[in-house]
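See below for the structure under consideration.
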Amino acid sequence: MEKMKAIVYNKKSYPDKLVYCDVDKPVPNDNEVLIKMNSVSLNAADYRSMKMGLIPKRKIFGADIAGRIESVGKNISLYKPGDEVMGDLASYGFGGFAEYVTAPERSLIIKPDQVSFEEAATLPMAAVTALQALRDKGNIQKGHKVLIVGSAGGVGTFAIQLAKYFETEVTAVCSSKNVQQTLSLGANNVIDYTKENFSNQDKRYEIILGINGNYPLLAYKKTLTSDGTYVMVGGSLSQIFKSLLFGWVLSFGSKKMKSLTAKANKTDLELLVKLLEKGIIKPVIDRRYSLDKTADAMDYLKQGHSTGKVVINIGPI
Ligand SMILES: NC(=O)c1ccc[n+]([C@@H]2O[C@H](COP(=O)([O-])OP(=O)(O)OC[C@H]3O[C@@H](n4cnc5c(N)ncnc54)[C@H](OP(=O)(O)O)[C@@H]3O)[C@@H](O)[C@H]2O)c1
């Protein structure tokens, strides 16, 4: 059996549970392609799945992948060896923290030449989440006032840019160190949460995205317009539980609370790649690591203050 390098989850390993080692190179079945990996980005989904004991079969995490197809199963019609592809493998067993991964063709789209592998790897989960939150849950319309709470991370940096693409007025909430970058991404106003509380201001919003932090639901309710929508995307675990348990307190009268479960979607990903090619959105890459340093990268992400995305580069970018 051919071998490859990978990051394997081992719950007994100390201090890092993510171990760089040799494992069998995967073999695609008839309905899969084999991808030689170039870049993979990290997501909260990786460490939250670990924490909840949802361990992929091959014990290799890493969902948002970009690489080149090496071989294809006999039922594959959309792709051929040499094609450059990208996609979200969270619903297909993860596996991206490795030199090779297998994937069904429905999880992938073609990566255009103009988009680098590392840029491609930043999009699938974070940008699709931001798009589905604003468009599908928030029903975003031109001229809306949008508040993005937790605007400086992977999802938030795409949310700012997409909300501007939809021609809205964006107010973003982040800490002091991210204020300049948030403005440079197009936010009209920034609230530095270390100095001010968004709910103490008079301004009201048609859409609030709750992406990070842990704020009282009543603060969100108070800050919505009379028919506004709060979309719960993420945040601390206690924020998520509060929203799931007590979301109804927001949902009386005409104010609405919706919670998002983003779904990988090829059409959405293709739209985002087009926006990237046109320069309408651009990924913010905070840190880059090599595959053997994936445990360090995950520790950094888990601290909850990365600015934009954290990427592992495995092959040429
Ligand atoms: N619902 C879904 O389908 C879905 C899909 C994907 C992700 N998510 C969830 O979305 C959340 C964000 O994901 P992500 O990839 O953007 O995470 P991330 O990149 O780790 O977010 C880090 C950012 O959060 C900001 N932040 C931390 N504490 C904050 C606070 N109290 N107030 C405002 N901002 C704060 C930080 O900015 P500062 O350094 O400036 O504080 C940092 O830039 C996670 O909880 C994730 O699980 C949900």
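Labels used: A, B, ... for chains in the order of the structure tokens, numbers from 1 for residues in each chain, and numbers from 1 for ligands as shown.
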Give me, as a ChimeraX atom specification, the set of residues whose atoms come within 7 Å of any atom of ligand 1, counting only C-alpha atoms and all ligand atoms. /A:43-45,125-126,129,149-156,173-178,193,211-214,232-236,259-263,301-302,304-309
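Among the candidates A:Ala264, A:Val284, A:Met50, A:Leu89, the one nearest to Lys17 of chain A when counting only C-alpha atoms is A:Met50.
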For Lys3 of chain A, work out the shell of residues within 8 Å, counting only C-alpha atoms and skipping chain neighbours fewer than 4 positions away, then give it as a list of chain:residue names. A:Asp22, A:Val23, A:Asp24, A:Lys25
Those of segment 33-79 of chain A in DSSP strand (DSSP E), formatted as a ChimeraX atom specification: /A:33-41,64-72
Here is a test: counting only C-alpha atoms, which residue of A:Pro124, A:Pro112, A:Gly87, A:Gly279 is nearest to Tyr165 of chain A?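 Answer, going by the shortest atom-to-atom distance: A:Gly279.
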Contacts of Thr171 of chain A within 7 Å, only C-alpha atoms, excl. fewer than 4 positions in-chain, as a ChimeraX atom specification: /A:146-148,187-190
Counting only C-alpha atoms, the residue among A:Ile140, A:Val33, A:Leu245, A:Ala297 that lies closest to Glu105 of chain A is A:Val33
Contacts of Asn75 of chain A at 12 Å or less, counting only C-alpha atoms, minus same-chain residues fewer than 6 places along, as a ChimeraX atom specification? /A:28-33,104-105
I'd like to know which of A:Lys74, A:Lys203, A:Arg68, A:Lys59 is closest to Glu99 of chain A, using only C-alpha atoms. A:Arg68
A:Val101, A:Leu271, A:Ile76, A:Ile7: which is nearest Val27 of chain A, counting only C-alpha atoms?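 Once distances to Val27 of chain A are computed over only C-alpha atoms, the minimum belongs to A:Val101.
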